[in-house]
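I have placed the structure first, in the form of structure tokens, so that the comments after it can refer back to it.
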Amino acid sequence: MRAPRLLTRALVASFLTVALVLGAVFAVLSLRVRDQVRQSVADNLASAQQVFTKVDGRRHQDQRASVATLAENPTLKAALDTWLTERGAASEATSQELLATVQREADKIADRVGADVLAVADLSRRVVAAGGRLSASWPRGVVIGQPIEVSSPSDRAVSVGSGMYHVVSVPLQFGESPIGSLELGTALDAGYARELADLSRGQAAILSKGSVLASTVSGPAARDLAAYDVSQSGARTMTLAGESWAVQPLLQLGEVTFLALASIDRAAAGQTQAALRGLAWVGLGAIGLAVIGSMWLARTLTQPIDQLSKSLSAMTGDRARDALPLPGTSRELDQLTNTFNSLLSSLASAEAEAEATYLGAVRALAAALDARDPYTAGHSERVSIFAVAMGEELKLDSESKETLRLGALLHDIGKIGVPDEILRKASALSAAEYETIKTHPSAGARILRSIPFLAPHIPIVELHHERPDGLGYPYGLRGDDIPLAARIVHVADAFDAMISARAYRSGRMPVEAIAELRRCAGTDFDGPSVEALVAALPRLVAAAEPLTRSRIDEPWGRSVGTARNRWSSDPSRASNVVETHR
Amino acid sequence: MRIHVGLITAALALIVGAMPAGSAYARIDAIELWRDRAEAAVGRAGGQSGGRVTGSVKLTLANSAPSSSSAYERRSVGPRPKAQPELRNVVIFFSDLPGKAAPTQASIAQKDEQFAPHMVAVTAGSSVAFPNEDPFFHNVFSLSRGTSFNLGRYPSGSSRSKTFTRPGIVKVFCEIHSHMSAVIRVFGHGWFTVPNEEGTFAIDNVPPGDHTLVAWHERIGERRDRVTIRAGAATQINFTLPVLEDGQ
């Protein structure tokens with residue numbers, strides 16, 4: 001398996017860090033949220049309890065007051081008192097008419113007070129008539145709790161039939177003498193529990209003697225609620241159906257306890273979810289930032305490393321490289337780049353040294369070759385100089401010029417295999433001898449192939465006798481099939497040969513040589529190369545003079561004159577060229 | 001008025017002869033007057049043929065339990081009306097004696113938003129006046145069976161009256177002041193009395209024999225006792241009210 005990329009590693013590392021941090025934050029936050037929610041739920045219930053106590057107290061006071069006002073009803077009191085008196089005397093049969101009157105008044109009062117049930121009762125709290133929504137559950141004769149006593153509270157919880165009621169009593173009396181009472185009943189049922197729940201902004205339950213009368217919580221939670229310990233006062237936490245609930249007693253009415261409830265777990269779930277949503281956004285942002293950051297970091301690392309490795313691979317591909325710029329992103333990377341650069345420069349100097357050594361050897365070889373014939377001494381050096389100058393005129397790049405310089409220097413290296421007697425022969429060559437001469441480009445190429453760094457120069461050596469018209473050797477290539485470097489060297493070689501003296505002729509004047517080259521441009525010689533030589537000539541005269549002077553005794557003038565003679569005595573262009581190039 | 005009552009009583013006593021007849025007066029002084037006259041008449045007629053029952057009534061129940069009728073404290077603008085003795089709201093009577101008694105006149109004043117006295121006992125045919133002695137309007141009405149009436153509203157200083165012909169209990173109220181009530185006990189005979197403020201009572205000239213004597217209070221209820229009356233003798237009987245309510 002391949003090792004992952006640096007970018008991937010950085011991404012994974014930053015992602016994991018962010019995830020870990022977020023996870024830890026979430027854990028801490030949800031614990032804190034739970035704590036706070038527990039506190040706030042308890043606080044809510046406590047304030048709901050205060051509100052409820054005040055509101056409920058005031059409500060009952062007002063209800064008592066309004067019932068008391070309604071109790072001062074002459075018709076009701078007269079009818080009730082008369083009925084009670086007539087009932088008490090055995091001789092009197094009870095009057096249905098009076099009962100109907102009492103019933104009518106009870107209905108009216110119940111309607112005005114909005115009571116669940118309102119009963120007119122006698123002194124034993126026995127119902128005489130009842131009105132209101134639930135009047136059917138308080139039939140005549142039913143006793144609403146204990147008989148009235150001096151100390152009996154006006155507010156109490158009473159079980160009537162199957163239901164439990166919160167009963168408020170208001171006495172009916174003439175002056176100081178009571179005759180009965182109005183009993184205002186509120187059913188402690190699911191509807192009342194719902195009202196309580198609305199008031200406490202949570203859930204509510206009504207308990208009596210260890211059983212749940214009514215509650216807004218359902219199912220197993222309501223069953224667990226029965227375990228509520230009434231003797232303990234104050235708010236507390238209970239576990240109902242596996243959930244944590246805050247429980248606050250609202251009111252104690254005899255055996256009946258009113259509770260406000262709120263599920264801590266449920267409230268916390270909402271809060272936790274909200275926190276989670278917030279965290280999710282933060283996390284998204286953090287991951288995004290981490291991705292951008294790690295990408296940037298990875299790039300600052302990978303770019304210089306990429307450059308280094310590219311340079312290294314370029315070095316193995318034998319291509320010299322300039323020193324790398326310092327990345328400046330970190331000290332370590334700068335140091336690495338510095339080390340690499342010094343390695344590069346030492347490598348380059350080693351390479352240059354090796355090349356110089358080679359070049360020296362090759363030069364020595366070429367010079368030795370030229371020295372075999374006093375007439376060709378310095379020829380290779382001069383052709384090299386001419387070719388480079390022509391290359392400059394043709395706007396060649398420095399690399400091509402370098403190739404040209406070395407290639408021109410070595411162009412006749414193949415003559416090492418040509419015997420001295422043929423090379424130095426002053427008379428005309430035989431056809432066989434001429435064929436021998438013609439082998440020298442291929443021989444030179446063969447020799448150079450054994451030296452790898454001279455490979456670019458092989459075409460110059462091998463093809464510097466090819467002609468644009470295809471009559472050259474060894475392959476007879478035409479026009480543009482011949483590399484430019486080879487064409488240039490061909491022209492430079494011919495020019496030097498023309499102006500140089502030979503054993504069988506003296507050198508020609510450069511002007512004449514140029515005229516000759518121009519004449520044969522397009523057929524013998526490459527036209528642009530000839531023109532390049534013409535353009536470069538003024539510079540070359542000064543440069544070439546010391547070379548020719550040192551090797552050739554005869555002055556330029558005489559040599560040229562001799563050459564002209566030789567040229568005119570041999571009209572054959574082919575043989576002329578052959579001679580020129582011997 | 002007194003001479004008139006006395007004449008009627010005397011005439012009745014003479015006509016009935018041995019059988020002592022008496023008519024009750026709603027008011028104690030009337031009964032006492034009647035008693036004097038009747039004794040005199042019977043004495044003149046030749047010896048005592050009736051017996052005498054005396055006794056006392058005791059109320060054990062603090063009937064007027066102070067209980068707040070409203071959620072707010074009671075505020076009074078005027079002087080609290082004088083409380084009437086509860087014992088004067090009890091009436092003692094024989095339930096099984098036949099006989100008629102002459103009608104009388106009684107009065108229940110309306111004063112300090114109270115009916116005073118709260119209870120009167122009268123013979124059938126008697127009329128009761130309801131003078132308004134308060135400086136504002138009052139009303140008198142009743143829902144009682146057989147004797148339901150409404151005297152309407154009338155101003156201070158005026159009076160209206162009503163004749164009660166049927167024996168029974170008549171509860172009387174004021175529709176303006178819901179806390180006012182009174183009760184009128186109407187009897188077909190004359191053997192009844194109202195105890196004095198100490199609770200003692202006496203009924204004279206009761207025909208000898210076994211009778212049922214009843215002590216009745218409009219709200220506390222009644223207690224019945226068998227008494228044996230011997231001619232010329234006094235029988236002592238004590239009542240204790242209340243009768244327990246759940247005994248009804």
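Ordering of the structure tokens sets the chain letters (A, B, ...), residue numbers begin anew at 1 in every chain, and ligands are numbered from 1 in the order given.
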
(message) Near chain B, meaning an atom within 9 Å, which residues of chain A appear when counting only C-alpha atoms? Write them as a ChimeraX atom specification.
(response) /A:60-69,71-75,77-79,81-86,88-89,91-92,95,98,123-124,149-151,169-179

(request) State, in Å with one decimal place, the distance from atom CA of Ser442 of chain A to atom CA of Gly476 of chain A. (result)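 Computed distance, atom CA of Ser442 of chain A to atom CA of Gly476 of chain A, equals 13.0 Å.
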
(request) For each of A:Thr186, A:Thr257, A:Ser345, A:Ser500, take the minimum atom-to-atom distance to Val113 of chain A, counting only C-alpha atoms, then give the residue where this is smallest. (result) A:Thr186

(request) Could you tell me how far atom CA of Ser529 of chain A lies from atom CA of Arg487 of chain A, in Å and to one decimal? (result)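 Here the two named atoms are 7.0 Å from each other.
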
(message) Please determine, counting only C-alpha atoms, which residue among B:Thr193, B:Asn132, B:Thr235, B:Asn89 has the shortest atom-to-atom distance to Val53 of chain B.
(response)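 Going through B:Thr193, B:Asn132, B:Thr235, B:Asn89 one by one, the smallest distance to Val53 of chain B is for B:Thr235.
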
(request) Write out as a VMD selection string the residues lying within 9 Å of segment 23-28 of chain A, counting only C-alpha atoms and excluding same-chain residues fewer than 5 positions away. (result) chain A and resid 18 33 272 275 to 276 279

For the residues in that selection, give me N, CA and C atoms as a PDB file, in the first residue's frame.
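Written out: part03.pdb:
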```pdb
ATOM      1  N   VAL A  18     -10.370  18.398  15.695  1.00  0.00           N
ATOM      2  CA  VAL A  18     -11.610  19.175  15.814  1.00  0.00           C
ATOM      3  C   VAL A  18     -12.724  18.308  16.382  1.00  0.00           C
ATOM      4  N   VAL A  33     -25.796  21.805  30.758  1.00  0.00           N
ATOM      5  CA  VAL A  33     -27.162  22.130  30.345  1.00  0.00           C
ATOM      6  C   VAL A  33     -28.148  21.374  31.215  1.00  0.00           C
ATOM      7  N   THR A 272     -30.524  20.563  25.008  1.00  0.00           N
ATOM      8  CA  THR A 272     -29.342  19.887  24.490  1.00  0.00           C
ATOM      9  C   THR A 272     -29.352  19.916  22.973  1.00  0.00           C
ATOM     10  N   ALA A 275     -28.280  23.243  21.871  1.00  0.00           N
ATOM     11  CA  ALA A 275     -26.833  23.369  22.024  1.00  0.00           C
ATOM     12  C   ALA A 275     -26.117  22.579  20.936  1.00  0.00           C
ATOM     13  N   LEU A 276     -26.680  21.395  20.629  1.00  0.00           N
ATOM     14  CA  LEU A 276     -26.060  20.540  19.622  1.00  0.00           C
ATOM     15  C   LEU A 276     -26.087  21.228  18.260  1.00  0.00           C
ATOM     16  N   LEU A 279     -23.474  23.791  18.252  1.00  0.00           N
ATOM     17  CA  LEU A 279     -22.159  23.155  18.152  1.00  0.00           C
ATOM     18  C   LEU A 279     -21.909  22.643  16.746  1.00  0.00           C
TER      19      LEU A 279
END
```
